[in-house]
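Source file: entry09.cif. Holds: mmCIF, N, CA and C atoms.
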data_data
loop_
_atom_site.label_atom_id
_atom_site.label_comp_id
_atom_site.auth_asym_id
_atom_site.auth_seq_id
_atom_site.Cartn_x
_atom_site.Cartn_y
_atom_site.Cartn_z
N MET C 1247 137.80 91.01 32.48
CA MET C 1247 138.74 90.95 33.58
C MET C 1247 139.83 89.95 33.22
N ALA C 1248 141.06 90.44 33.11
CA ALA C 1248 142.22 89.58 32.91
C ALA C 1248 143.21 89.90 34.02
N ILE C 1249 143.78 88.85 34.57
CA ILE C 1249 144.67 89.01 35.72
C ILE C 1249 145.94 88.20 35.49
N VAL C 1250 147.07 88.81 35.78
CA VAL C 1250 148.35 88.12 35.82
C VAL C 1250 148.85 88.26 37.25
N THR C 1251 149.03 87.14 37.94
CA THR C 1251 149.61 87.19 39.28
C THR C 1251 151.08 86.82 39.16
N ILE C 1252 151.91 87.54 39.89
CA ILE C 1252 153.34 87.27 39.87
C ILE C 1252 153.82 87.08 41.29
N SER C 1253 154.36 85.89 41.55
CA SER C 1253 155.03 85.63 42.82
C SER C 1253 156.50 85.45 42.49
N ARG C 1254 157.36 85.72 43.45
CA ARG C 1254 158.78 85.67 43.13
C ARG C 1254 159.60 85.36 44.36
N LEU C 1255 160.80 84.83 44.09
CA LEU C 1255 161.79 84.67 45.13
C LEU C 1255 162.42 86.04 45.40
N GLU C 1256 162.95 86.20 46.57
CA GLU C 1256 163.62 87.45 46.93
C GLU C 1256 164.79 87.72 45.99
N ALA C 1257 164.95 88.97 45.59
CA ALA C 1257 166.09 89.44 44.78
C ALA C 1257 166.18 88.81 43.40
N CYS C 1258 165.02 88.53 42.80
CA CYS C 1258 165.07 88.05 41.40
C CYS C 1258 164.39 89.03 40.46
N ARG C 1259 164.34 90.29 40.86
CA ARG C 1259 163.87 91.40 40.03
C ARG C 1259 162.40 91.29 39.64
N GLY C 1260 161.61 90.79 40.56
CA GLY C 1260 160.18 90.65 40.30
C GLY C 1260 159.48 91.97 40.02
N GLU C 1261 159.91 93.02 40.69
CA GLU C 1261 159.29 94.33 40.50
C GLU C 1261 159.48 94.82 39.06
N ALA C 1262 160.70 94.65 38.54
CA ALA C 1262 160.99 95.10 37.17
C ALA C 1262 160.22 94.26 36.16
N VAL C 1263 160.15 92.96 36.38
CA VAL C 1263 159.43 92.07 35.47
C VAL C 1263 157.94 92.42 35.47
N ALA C 1264 157.37 92.62 36.65
CA ALA C 1264 155.95 92.95 36.75
C ALA C 1264 155.65 94.28 36.07
N ALA C 1265 156.50 95.27 36.29
CA ALA C 1265 156.29 96.58 35.67
C ALA C 1265 156.35 96.49 34.15
N GLU C 1266 157.29 95.74 33.64
CA GLU C 1266 157.42 95.59 32.19
C GLU C 1266 156.24 94.80 31.61
N ALA C 1267 155.82 93.76 32.30
CA ALA C 1267 154.66 92.98 31.84
C ALA C 1267 153.41 93.86 31.79
N ALA C 1268 153.19 94.65 32.84
CA ALA C 1268 152.03 95.53 32.86
C ALA C 1268 152.10 96.56 31.73
N ARG C 1269 153.28 97.11 31.50
CA ARG C 1269 153.45 98.10 30.44
C ARG C 1269 153.14 97.50 29.08
N ARG C 1270 153.73 96.33 28.81
CA ARG C 1270 153.54 95.70 27.50
C ARG C 1270 152.10 95.24 27.27
N LEU C 1271 151.44 94.79 28.31
CA LEU C 1271 150.06 94.31 28.18
C LEU C 1271 149.04 95.44 28.23
N GLY C 1272 149.46 96.60 28.75
CA GLY C 1272 148.52 97.70 28.94
C GLY C 1272 147.62 97.48 30.14
N PHE C 1273 148.12 96.72 31.13
CA PHE C 1273 147.38 96.42 32.35
C PHE C 1273 147.83 97.38 33.46
N ARG C 1274 147.03 97.46 34.51
CA ARG C 1274 147.40 98.23 35.70
C ARG C 1274 148.29 97.36 36.57
N LEU C 1275 149.42 97.90 37.01
CA LEU C 1275 150.29 97.18 37.94
C LEU C 1275 149.81 97.45 39.35
N LEU C 1276 149.46 96.39 40.05
CA LEU C 1276 149.03 96.49 41.44
C LEU C 1276 150.15 95.92 42.30
N ASP C 1277 150.95 96.83 42.85
CA ASP C 1277 152.09 96.45 43.69
C ASP C 1277 151.98 97.18 45.03
N ARG C 1278 153.02 97.11 45.84
CA ARG C 1278 152.97 97.76 47.15
C ARG C 1278 152.76 99.27 47.06
N ALA C 1279 153.39 99.91 46.09
CA ALA C 1279 153.26 101.37 45.97
C ALA C 1279 151.80 101.76 45.69
N LEU C 1280 151.15 101.10 44.73
CA LEU C 1280 149.76 101.42 44.43
C LEU C 1280 148.86 101.00 45.59
N MET C 1281 149.15 99.86 46.21
CA MET C 1281 148.33 99.42 47.34
C MET C 1281 148.40 100.44 48.48
N ARG C 1282 149.57 101.00 48.71
CA ARG C 1282 149.72 102.03 49.75
C ARG C 1282 148.82 103.23 49.42
N GLU C 1283 148.81 103.67 48.16
CA GLU C 1283 147.95 104.78 47.75
C GLU C 1283 146.47 104.43 47.92
N LEU C 1284 146.10 103.22 47.53
CA LEU C 1284 144.70 102.82 47.63
C LEU C 1284 144.25 102.72 49.09
N LEU C 1285 145.10 102.15 49.94
CA LEU C 1285 144.76 102.07 51.36
C LEU C 1285 144.58 103.47 51.95
N TYR C 1286 145.45 104.38 51.54
CA TYR C 1286 145.34 105.76 52.01
C TYR C 1286 144.03 106.38 51.51
N SER C 1287 143.70 106.17 50.25
CA SER C 1287 142.48 106.77 49.69
C SER C 1287 141.22 106.19 50.33
N TYR C 1288 141.28 104.94 50.77
CA TYR C 1288 140.15 104.33 51.46
C TYR C 1288 140.19 104.60 52.97
N ASP C 1289 141.14 105.42 53.40
CA ASP C 1289 141.31 105.80 54.81
C ASP C 1289 141.58 104.59 55.70
N LEU C 1290 142.39 103.67 55.19
CA LEU C 1290 142.79 102.50 55.95
C LEU C 1290 144.25 102.67 56.37
N LEU C 1291 144.50 103.72 57.13
CA LEU C 1291 145.87 104.11 57.46
C LEU C 1291 146.60 103.05 58.28
N ALA C 1292 145.88 102.33 59.14
CA ALA C 1292 146.53 101.30 59.96
C ALA C 1292 147.12 100.20 59.09
N ALA C 1293 146.51 99.95 57.95
CA ALA C 1293 146.98 98.88 57.08
C ALA C 1293 148.26 99.26 56.35
N ILE C 1294 148.51 100.55 56.15
CA ILE C 1294 149.69 100.97 55.42
C ILE C 1294 150.96 100.51 56.11
N GLY C 1295 151.03 100.65 57.42
CA GLY C 1295 152.20 100.21 58.17
C GLY C 1295 152.42 98.72 58.10
N ARG C 1296 151.35 97.97 57.96
CA ARG C 1296 151.45 96.51 57.87
C ARG C 1296 152.06 96.05 56.55
N LEU C 1297 152.02 96.87 55.51
CA LEU C 1297 152.56 96.47 54.22
C LEU C 1297 154.06 96.21 54.28
N ASP C 1298 154.76 96.96 55.11
CA ASP C 1298 156.21 96.85 55.16
C ASP C 1298 156.72 95.94 56.26
N GLU C 1299 155.82 95.42 57.10
CA GLU C 1299 156.25 94.52 58.15
C GLU C 1299 156.65 93.18 57.56
N PRO C 1300 157.76 92.62 58.04
CA PRO C 1300 158.13 91.29 57.55
C PRO C 1300 157.11 90.26 58.03
N ARG C 1301 156.84 89.32 57.16
CA ARG C 1301 155.89 88.26 57.51
C ARG C 1301 156.65 87.10 58.13
N ALA C 1302 156.10 86.56 59.18
CA ALA C 1302 156.69 85.41 59.82
C ALA C 1302 156.18 84.16 59.13
N ALA C 1303 156.99 83.60 58.27
CA ALA C 1303 156.57 82.43 57.49
C ALA C 1303 156.48 81.21 58.37
N GLY C 1304 155.40 80.49 58.20
CA GLY C 1304 155.26 79.22 58.88
C GLY C 1304 154.96 79.29 60.36
N VAL C 1305 154.65 80.47 60.87
CA VAL C 1305 154.34 80.59 62.29
C VAL C 1305 152.89 80.17 62.50
N PRO C 1306 152.69 79.13 63.31
CA PRO C 1306 151.32 78.66 63.52
C PRO C 1306 150.53 79.64 64.38
N GLY C 1307 149.24 79.51 64.32
CA GLY C 1307 148.39 80.36 65.14
C GLY C 1307 147.50 81.24 64.28
N GLU C 1308 146.49 81.73 64.90
CA GLU C 1308 145.52 82.58 64.21
C GLU C 1308 146.00 84.02 64.20
N PRO C 1309 145.77 84.72 63.06
CA PRO C 1309 146.10 86.14 63.03
C PRO C 1309 145.18 86.91 63.99
N ASP C 1310 145.70 88.02 64.52
CA ASP C 1310 144.88 88.81 65.44
C ASP C 1310 143.79 89.55 64.66
N GLU C 1311 142.92 90.21 65.38
CA GLU C 1311 141.78 90.87 64.76
C GLU C 1311 142.21 91.95 63.76
N GLU C 1312 143.23 92.72 64.13
CA GLU C 1312 143.71 93.76 63.22
C GLU C 1312 144.28 93.16 61.94
N GLU C 1313 145.04 92.07 62.06
CA GLU C 1313 145.61 91.41 60.89
C GLU C 1313 144.51 90.88 59.98
N ARG C 1314 143.47 90.30 60.54
CA ARG C 1314 142.35 89.82 59.73
C ARG C 1314 141.66 90.98 59.01
N ALA C 1315 141.51 92.11 59.69
CA ALA C 1315 140.87 93.28 59.07
C ALA C 1315 141.72 93.83 57.93
N VAL C 1316 143.04 93.86 58.14
CA VAL C 1316 143.95 94.35 57.10
C VAL C 1316 143.90 93.43 55.89
N ARG C 1317 143.93 92.13 56.12
CA ARG C 1317 143.84 91.16 55.02
C ARG C 1317 142.54 91.31 54.25
N ALA C 1318 141.45 91.43 54.97
CA ALA C 1318 140.14 91.56 54.32
C ALA C 1318 140.08 92.84 53.49
N ALA C 1319 140.60 93.93 54.04
CA ALA C 1319 140.59 95.21 53.31
C ALA C 1319 141.47 95.12 52.07
N THR C 1320 142.65 94.55 52.21
CA THR C 1320 143.57 94.41 51.08
C THR C 1320 142.98 93.53 49.99
N GLU C 1321 142.44 92.39 50.38
CA GLU C 1321 141.82 91.49 49.40
C GLU C 1321 140.62 92.15 48.73
N GLY C 1322 139.83 92.89 49.49
CA GLY C 1322 138.69 93.58 48.91
C GLY C 1322 139.11 94.60 47.87
N ILE C 1323 140.16 95.35 48.16
CA ILE C 1323 140.67 96.33 47.21
C ILE C 1323 141.17 95.64 45.96
N ILE C 1324 141.90 94.54 46.13
CA ILE C 1324 142.43 93.82 44.97
C ILE C 1324 141.29 93.30 44.09
N TRP C 1325 140.28 92.68 44.69
CA TRP C 1325 139.14 92.19 43.93
C TRP C 1325 138.42 93.33 43.22
N HIS C 1326 138.25 94.43 43.92
CA HIS C 1326 137.57 95.60 43.34
C HIS C 1326 138.31 96.08 42.10
N ARG C 1327 139.64 96.19 42.19
CA ARG C 1327 140.43 96.63 41.04
C ARG C 1327 140.37 95.61 39.90
N ALA C 1328 140.40 94.34 40.25
CA ALA C 1328 140.38 93.29 39.23
C ALA C 1328 139.06 93.28 38.45
N PHE C 1329 137.97 93.63 39.11
CA PHE C 1329 136.69 93.70 38.42
C PHE C 1329 136.58 94.93 37.54
N ARG C 1330 137.34 95.96 37.85
CA ARG C 1330 137.25 97.21 37.09
C ARG C 1330 138.20 97.28 35.91
N GLU C 1331 139.35 96.58 36.02
CA GLU C 1331 140.37 96.69 34.97
C GLU C 1331 141.26 95.46 34.97
N ASN C 1332 142.01 95.30 33.90
CA ASN C 1332 142.98 94.21 33.81
C ASN C 1332 144.18 94.57 34.68
N ILE C 1333 144.68 93.61 35.44
CA ILE C 1333 145.76 93.91 36.37
C ILE C 1333 146.89 92.89 36.29
N VAL C 1334 148.07 93.37 36.65
CA VAL C 1334 149.22 92.53 36.97
C VAL C 1334 149.39 92.70 38.47
N LEU C 1335 149.22 91.64 39.22
CA LEU C 1335 149.28 91.68 40.68
C LEU C 1335 150.61 91.10 41.13
N LEU C 1336 151.43 91.93 41.75
CA LEU C 1336 152.73 91.51 42.24
C LEU C 1336 152.62 91.21 43.73
N GLY C 1337 152.74 89.94 44.07
CA GLY C 1337 152.68 89.54 45.47
C GLY C 1337 151.26 89.45 46.00
N PHE C 1338 151.11 89.69 47.29
CA PHE C 1338 149.82 89.68 48.00
C PHE C 1338 149.12 88.33 47.92
N GLY C 1339 149.86 87.26 47.64
CA GLY C 1339 149.25 85.93 47.57
C GLY C 1339 148.25 85.80 46.45
N GLY C 1340 148.49 86.52 45.36
CA GLY C 1340 147.56 86.51 44.23
C GLY C 1340 147.27 85.14 43.68
N GLN C 1341 148.28 84.25 43.72
CA GLN C 1341 148.07 82.90 43.20
C GLN C 1341 147.03 82.14 44.02
N PHE C 1342 146.88 82.50 45.28
CA PHE C 1342 145.86 81.87 46.13
C PHE C 1342 144.54 82.63 46.03
N LEU C 1343 144.63 83.95 46.00
CA LEU C 1343 143.44 84.78 45.94
C LEU C 1343 142.63 84.52 44.67
N PHE C 1344 143.33 84.31 43.55
CA PHE C 1344 142.65 84.10 42.27
C PHE C 1344 142.76 82.65 41.78
N LYS C 1345 142.97 81.72 42.70
CA LYS C 1345 143.06 80.31 42.35
C LYS C 1345 141.75 79.86 41.68
N GLY C 1346 141.89 79.28 40.50
CA GLY C 1346 140.73 78.78 39.78
C GLY C 1346 139.88 79.85 39.12
N CYS C 1347 140.32 81.09 39.16
CA CYS C 1347 139.55 82.19 38.57
C CYS C 1347 139.81 82.23 37.06
N PRO C 1348 138.77 82.19 36.25
CA PRO C 1348 138.96 82.26 34.79
C PRO C 1348 139.64 83.58 34.40
N GLY C 1349 140.46 83.52 33.36
CA GLY C 1349 141.12 84.72 32.88
C GLY C 1349 142.33 85.11 33.68
N THR C 1350 142.88 84.15 34.45
CA THR C 1350 144.03 84.44 35.30
C THR C 1350 145.23 83.60 34.87
N LEU C 1351 146.37 84.25 34.77
CA LEU C 1351 147.64 83.59 34.51
C LEU C 1351 148.52 83.77 35.73
N HIS C 1352 149.02 82.67 36.28
CA HIS C 1352 149.90 82.72 37.45
C HIS C 1352 151.34 82.52 37.00
N VAL C 1353 152.21 83.43 37.41
CA VAL C 1353 153.62 83.37 37.05
C VAL C 1353 154.44 83.31 38.33
N ARG C 1354 155.41 82.41 38.37
CA ARG C 1354 156.33 82.29 39.51
C ARG C 1354 157.72 82.57 38.99
N LEU C 1355 158.38 83.63 39.51
CA LEU C 1355 159.73 83.98 39.08
C LEU C 1355 160.75 83.37 40.03
N THR C 1356 161.73 82.73 39.44
CA THR C 1356 162.84 82.18 40.20
C THR C 1356 164.13 82.60 39.51
N ALA C 1357 165.22 82.46 40.21
CA ALA C 1357 166.53 82.76 39.64
C ALA C 1357 167.56 81.94 40.39
N ALA C 1358 168.69 81.72 39.74
CA ALA C 1358 169.79 80.99 40.38
C ALA C 1358 170.26 81.76 41.61
N LEU C 1359 170.73 81.04 42.58
CA LEU C 1359 171.20 81.66 43.82
C LEU C 1359 172.28 82.70 43.55
N GLU C 1360 173.19 82.43 42.63
CA GLU C 1360 174.26 83.38 42.33
C GLU C 1360 173.69 84.70 41.82
N PHE C 1361 172.69 84.64 40.94
CA PHE C 1361 172.04 85.85 40.43
C PHE C 1361 171.36 86.62 41.55
N ARG C 1362 170.65 85.90 42.41
CA ARG C 1362 169.93 86.54 43.51
C ARG C 1362 170.90 87.20 44.48
N LEU C 1363 172.02 86.54 44.76
CA LEU C 1363 173.01 87.14 45.66
C LEU C 1363 173.62 88.40 45.04
N ALA C 1364 173.93 88.33 43.75
CA ALA C 1364 174.49 89.49 43.07
C ALA C 1364 173.49 90.64 43.04
N THR C 1365 172.23 90.33 42.80
CA THR C 1365 171.18 91.37 42.79
C THR C 1365 171.02 91.98 44.16
N ALA C 1366 171.04 91.17 45.19
CA ALA C 1366 170.89 91.68 46.55
C ALA C 1366 172.07 92.56 46.95
N GLU C 1367 173.27 92.18 46.54
CA GLU C 1367 174.45 92.99 46.86
C GLU C 1367 174.43 94.33 46.14
N ALA C 1368 173.88 94.36 44.93
CA ALA C 1368 173.83 95.60 44.14
C ALA C 1368 172.82 96.60 44.70
N GLN C 1369 171.89 96.13 45.50
CA GLN C 1369 170.86 97.03 46.03
C GLN C 1369 171.31 97.75 47.22
#

Encoded form using structure tokens:
Amino acid sequence: MAIVTISRLEACRGEAVAAEAARRLGFRLLDRALMRELLYSYDLLAAIGRLDEPRAAGVPGEPDEEERAVRAATEGIIWHRAFRENIVLLGFGGQFLFKGCPGTLHVRLTAALEFRLATAEAQ
């Protein structure tokens, strides 16, 4: 089991970097698109809608029961895939999920504000 977690700032092309890293390493890319397919295959349809909801950063309080269930299902799927194959995990708090896990490389992508603004405008 080898894992590369990638966290990134908005508009710094994290998706492209993760896809290229997975391709070059021969690892499975676990991103929102694959997670959506996996949630569907596990019949966790309620969780699919939660993938695209914006997260409220820094909002105190406990997550509701549905949010806890979605998190548990998502984390379970990620762990299951990580035990079966080498993965590049884009987002999903992978740096926290696999903190201290042997065989894991954590990558944080950043970019200058000017680059991020230009990337965001081009999209």

Original post:
So which one's closest to Arg1278 in chain C, C:Ala1364, C:Val1263, C:Val1353, C:Leu1336? Using all atoms listed in the file, please.
Top reply: C:Leu1336

**OP:** Might you spell out which residues the PyMOL selection byres (((chain C and resi 1264-1270 and name CA) around 9) and name CA) would select in the displayed file, as a ChimeraX atom specification?
**Re:** /C:1250-1252,1259-1263,1271-1275,1277,1333-1336

Need the shell around Ala1318 in chain C: protein/DNA/RNA residues with any atom at most 12 Å away, counting only C-alpha atoms. Skip same-chain ones fewer than 6 positions apart. Format as a compact mmCIF listing (two decimals) with N, CA and C atoms, in the frame of the given file?
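The result, written out as around-v7.txt:
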# COMPACT_ATOMS: atom_id res chain seq x y z
N LEU C 1285 145.10 102.15 49.94
CA LEU C 1285 144.76 102.07 51.36
C LEU C 1285 144.58 103.47 51.95
N LEU C 1290 142.39 103.67 55.19
CA LEU C 1290 142.79 102.50 55.95
C LEU C 1290 144.25 102.67 56.37
N ALA C 1293 146.51 99.95 57.95
CA ALA C 1293 146.98 98.88 57.08
C ALA C 1293 148.26 99.26 56.35
N PRO C 1309 145.77 84.72 63.06
CA PRO C 1309 146.10 86.14 63.03
C PRO C 1309 145.18 86.91 63.99
N GLU C 1311 142.92 90.21 65.38
CA GLU C 1311 141.78 90.87 64.76
C GLU C 1311 142.21 91.95 63.76
N GLU C 1312 143.23 92.72 64.13
CA GLU C 1312 143.71 93.76 63.22
C GLU C 1312 144.28 93.16 61.94
N ILE C 1324 141.90 94.54 46.13
CA ILE C 1324 142.43 93.82 44.97
C ILE C 1324 141.29 93.30 44.09
N TRP C 1325 140.28 92.68 44.69
CA TRP C 1325 139.14 92.19 43.93
C TRP C 1325 138.42 93.33 43.22
N HIS C 1326 138.25 94.43 43.92
CA HIS C 1326 137.57 95.60 43.34
C HIS C 1326 138.31 96.08 42.10
N PHE C 1338 151.11 89.69 47.29
CA PHE C 1338 149.82 89.68 48.00
C PHE C 1338 149.12 88.33 47.92
N LEU C 1343 144.63 83.95 46.00
CA LEU C 1343 143.44 84.78 45.94
C LEU C 1343 142.63 84.52 44.67

Original post:
From the list C:Leu1284, C:Leu1359, C:Leu1351, C:Ile1249, which residue is nearest Ile1323 in chain C when using all atoms listed in the file?
Top reply: C:Leu1284

Subject >> Residue contacts of Ala1248 in chain C (6 Å, all atoms listed in the file) excluding same-chain residues fewer than 4 positions away, as a VMD selection string >> reply: chain C and resid 1331 to 1333 1349 to 1350

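A straight line drawn from CA of Ala1328 in chain C to CA of Phe1344 in chain C is 9.9 Å long.
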
Using backbone DSSP assignments, extract all alpha helix (DSSP H) residues from chain C; output them as a short mmCIF file (atom, residue, chain, number, x, y, z; two decimals) with N, CA and C atoms, in the frame of the given file.
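Contents of selection_13.cif, as written:
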data_model
loop_
_atom_site.label_atom_id
_atom_site.label_comp_id
_atom_site.auth_asym_id
_atom_site.auth_seq_id
_atom_site.Cartn_x
_atom_site.Cartn_y
_atom_site.Cartn_z
N GLY C 1260 161.61 90.79 40.56
CA GLY C 1260 160.18 90.65 40.30
C GLY C 1260 159.48 91.97 40.02
N GLU C 1261 159.91 93.02 40.69
CA GLU C 1261 159.29 94.33 40.50
C GLU C 1261 159.48 94.82 39.06
N ALA C 1262 160.70 94.65 38.54
CA ALA C 1262 160.99 95.10 37.17
C ALA C 1262 160.22 94.26 36.16
N VAL C 1263 160.15 92.96 36.38
CA VAL C 1263 159.43 92.07 35.47
C VAL C 1263 157.94 92.42 35.47
N ALA C 1264 157.37 92.62 36.65
CA ALA C 1264 155.95 92.95 36.75
C ALA C 1264 155.65 94.28 36.07
N ALA C 1265 156.50 95.27 36.29
CA ALA C 1265 156.29 96.58 35.67
C ALA C 1265 156.35 96.49 34.15
N GLU C 1266 157.29 95.74 33.64
CA GLU C 1266 157.42 95.59 32.19
C GLU C 1266 156.24 94.80 31.61
N ALA C 1267 155.82 93.76 32.30
CA ALA C 1267 154.66 92.98 31.84
C ALA C 1267 153.41 93.86 31.79
N ALA C 1268 153.19 94.65 32.84
CA ALA C 1268 152.03 95.53 32.86
C ALA C 1268 152.10 96.56 31.73
N ARG C 1269 153.28 97.11 31.50
CA ARG C 1269 153.45 98.10 30.44
C ARG C 1269 153.14 97.50 29.08
N ARG C 1270 153.73 96.33 28.81
CA ARG C 1270 153.54 95.70 27.50
C ARG C 1270 152.10 95.24 27.27
N LEU C 1271 151.44 94.79 28.31
CA LEU C 1271 150.06 94.31 28.18
C LEU C 1271 149.04 95.44 28.23
N ARG C 1278 153.02 97.11 45.84
CA ARG C 1278 152.97 97.76 47.15
C ARG C 1278 152.76 99.27 47.06
N ALA C 1279 153.39 99.91 46.09
CA ALA C 1279 153.26 101.37 45.97
C ALA C 1279 151.80 101.76 45.69
N LEU C 1280 151.15 101.10 44.73
CA LEU C 1280 149.76 101.42 44.43
C LEU C 1280 148.86 101.00 45.59
N MET C 1281 149.15 99.86 46.21
CA MET C 1281 148.33 99.42 47.34
C MET C 1281 148.40 100.44 48.48
N ARG C 1282 149.57 101.00 48.71
CA ARG C 1282 149.72 102.03 49.75
C ARG C 1282 148.82 103.23 49.42
N GLU C 1283 148.81 103.67 48.16
CA GLU C 1283 147.95 104.78 47.75
C GLU C 1283 146.47 104.43 47.92
N LEU C 1284 146.10 103.22 47.53
CA LEU C 1284 144.70 102.82 47.63
C LEU C 1284 144.25 102.72 49.09
N LEU C 1285 145.10 102.15 49.94
CA LEU C 1285 144.76 102.07 51.36
C LEU C 1285 144.58 103.47 51.95
N TYR C 1286 145.45 104.38 51.54
CA TYR C 1286 145.34 105.76 52.01
C TYR C 1286 144.03 106.38 51.51
N SER C 1287 143.70 106.17 50.25
CA SER C 1287 142.48 106.77 49.69
C SER C 1287 141.22 106.19 50.33
N LEU C 1291 144.50 103.72 57.13
CA LEU C 1291 145.87 104.11 57.46
C LEU C 1291 146.60 103.05 58.28
N ALA C 1292 145.88 102.33 59.14
CA ALA C 1292 146.53 101.30 59.96
C ALA C 1292 147.12 100.20 59.09
N ALA C 1293 146.51 99.95 57.95
CA ALA C 1293 146.98 98.88 57.08
C ALA C 1293 148.26 99.26 56.35
N ILE C 1294 148.51 100.55 56.15
CA ILE C 1294 149.69 100.97 55.42
C ILE C 1294 150.96 100.51 56.11
N GLY C 1295 151.03 100.65 57.42
CA GLY C 1295 152.20 100.21 58.17
C GLY C 1295 152.42 98.72 58.10
N ARG C 1296 151.35 97.97 57.96
CA ARG C 1296 151.45 96.51 57.87
C ARG C 1296 152.06 96.05 56.55
N LEU C 1297 152.02 96.87 55.51
CA LEU C 1297 152.56 96.47 54.22
C LEU C 1297 154.06 96.21 54.28
N GLU C 1311 142.92 90.21 65.38
CA GLU C 1311 141.78 90.87 64.76
C GLU C 1311 142.21 91.95 63.76
N GLU C 1312 143.23 92.72 64.13
CA GLU C 1312 143.71 93.76 63.22
C GLU C 1312 144.28 93.16 61.94
N GLU C 1313 145.04 92.07 62.06
CA GLU C 1313 145.61 91.41 60.89
C GLU C 1313 144.51 90.88 59.98
N ARG C 1314 143.47 90.30 60.54
CA ARG C 1314 142.35 89.82 59.73
C ARG C 1314 141.66 90.98 59.01
N ALA C 1315 141.51 92.11 59.69
CA ALA C 1315 140.87 93.28 59.07
C ALA C 1315 141.72 93.83 57.93
N VAL C 1316 143.04 93.86 58.14
CA VAL C 1316 143.95 94.35 57.10
C VAL C 1316 143.90 93.43 55.89
N ARG C 1317 143.93 92.13 56.12
CA ARG C 1317 143.84 91.16 55.02
C ARG C 1317 142.54 91.31 54.25
N ALA C 1318 141.45 91.43 54.97
CA ALA C 1318 140.14 91.56 54.32
C ALA C 1318 140.08 92.84 53.49
N ALA C 1319 140.60 93.93 54.04
CA ALA C 1319 140.59 95.21 53.31
C ALA C 1319 141.47 95.12 52.07
N THR C 1320 142.65 94.55 52.21
CA THR C 1320 143.57 94.41 51.08
C THR C 1320 142.98 93.53 49.99
N GLU C 1321 142.44 92.39 50.38
CA GLU C 1321 141.82 91.49 49.40
C GLU C 1321 140.62 92.15 48.73
N GLY C 1322 139.83 92.89 49.49
CA GLY C 1322 138.69 93.58 48.91
C GLY C 1322 139.11 94.60 47.87
N ILE C 1323 140.16 95.35 48.16
CA ILE C 1323 140.67 96.33 47.21
C ILE C 1323 141.17 95.64 45.96
N ILE C 1324 141.90 94.54 46.13
CA ILE C 1324 142.43 93.82 44.97
C ILE C 1324 141.29 93.30 44.09
N TRP C 1325 140.28 92.68 44.69
CA TRP C 1325 139.14 92.19 43.93
C TRP C 1325 138.42 93.33 43.22
N HIS C 1326 138.25 94.43 43.92
CA HIS C 1326 137.57 95.60 43.34
C HIS C 1326 138.31 96.08 42.10
N ARG C 1327 139.64 96.19 42.19
CA ARG C 1327 140.43 96.63 41.04
C ARG C 1327 140.37 95.61 39.90
N ALA C 1328 140.40 94.34 40.25
CA ALA C 1328 140.38 93.29 39.23
C ALA C 1328 139.06 93.28 38.45
N PHE C 1329 137.97 93.63 39.11
CA PHE C 1329 136.69 93.70 38.42
C PHE C 1329 136.58 94.93 37.54
N ARG C 1330 137.34 95.96 37.85
CA ARG C 1330 137.25 97.21 37.09
C ARG C 1330 138.20 97.28 35.91
N GLY C 1340 148.49 86.52 45.36
CA GLY C 1340 147.56 86.51 44.23
C GLY C 1340 147.27 85.14 43.68
N GLN C 1341 148.28 84.25 43.72
CA GLN C 1341 148.07 82.90 43.20
C GLN C 1341 147.03 82.14 44.02
N PHE C 1342 146.88 82.50 45.28
CA PHE C 1342 145.86 81.87 46.13
C PHE C 1342 144.54 82.63 46.03
N LEU C 1343 144.63 83.95 46.00
CA LEU C 1343 143.44 84.78 45.94
C LEU C 1343 142.63 84.52 44.67
N LEU C 1359 170.73 81.04 42.58
CA LEU C 1359 171.20 81.66 43.82
C LEU C 1359 172.28 82.70 43.55
N GLU C 1360 173.19 82.43 42.63
CA GLU C 1360 174.26 83.38 42.33
C GLU C 1360 173.69 84.70 41.82
N PHE C 1361 172.69 84.64 40.94
CA PHE C 1361 172.04 85.85 40.43
C PHE C 1361 171.36 86.62 41.55
N ARG C 1362 170.65 85.90 42.41
CA ARG C 1362 169.93 86.54 43.51
C ARG C 1362 170.90 87.20 44.48
N LEU C 1363 172.02 86.54 44.76
CA LEU C 1363 173.01 87.14 45.66
C LEU C 1363 173.62 88.40 45.04
N ALA C 1364 173.93 88.33 43.75
CA ALA C 1364 174.49 89.49 43.07
C ALA C 1364 173.49 90.64 43.04
N THR C 1365 172.23 90.33 42.80
CA THR C 1365 171.18 91.37 42.79
C THR C 1365 171.02 91.98 44.16
N ALA C 1366 171.04 91.17 45.19
CA ALA C 1366 170.89 91.68 46.55
C ALA C 1366 172.07 92.56 46.95
N GLU C 1367 173.27 92.18 46.54
CA GLU C 1367 174.45 92.99 46.86
C GLU C 1367 174.43 94.33 46.14
N ALA C 1368 173.88 94.36 44.93
CA ALA C 1368 173.83 95.60 44.14
C ALA C 1368 172.82 96.60 44.70
#
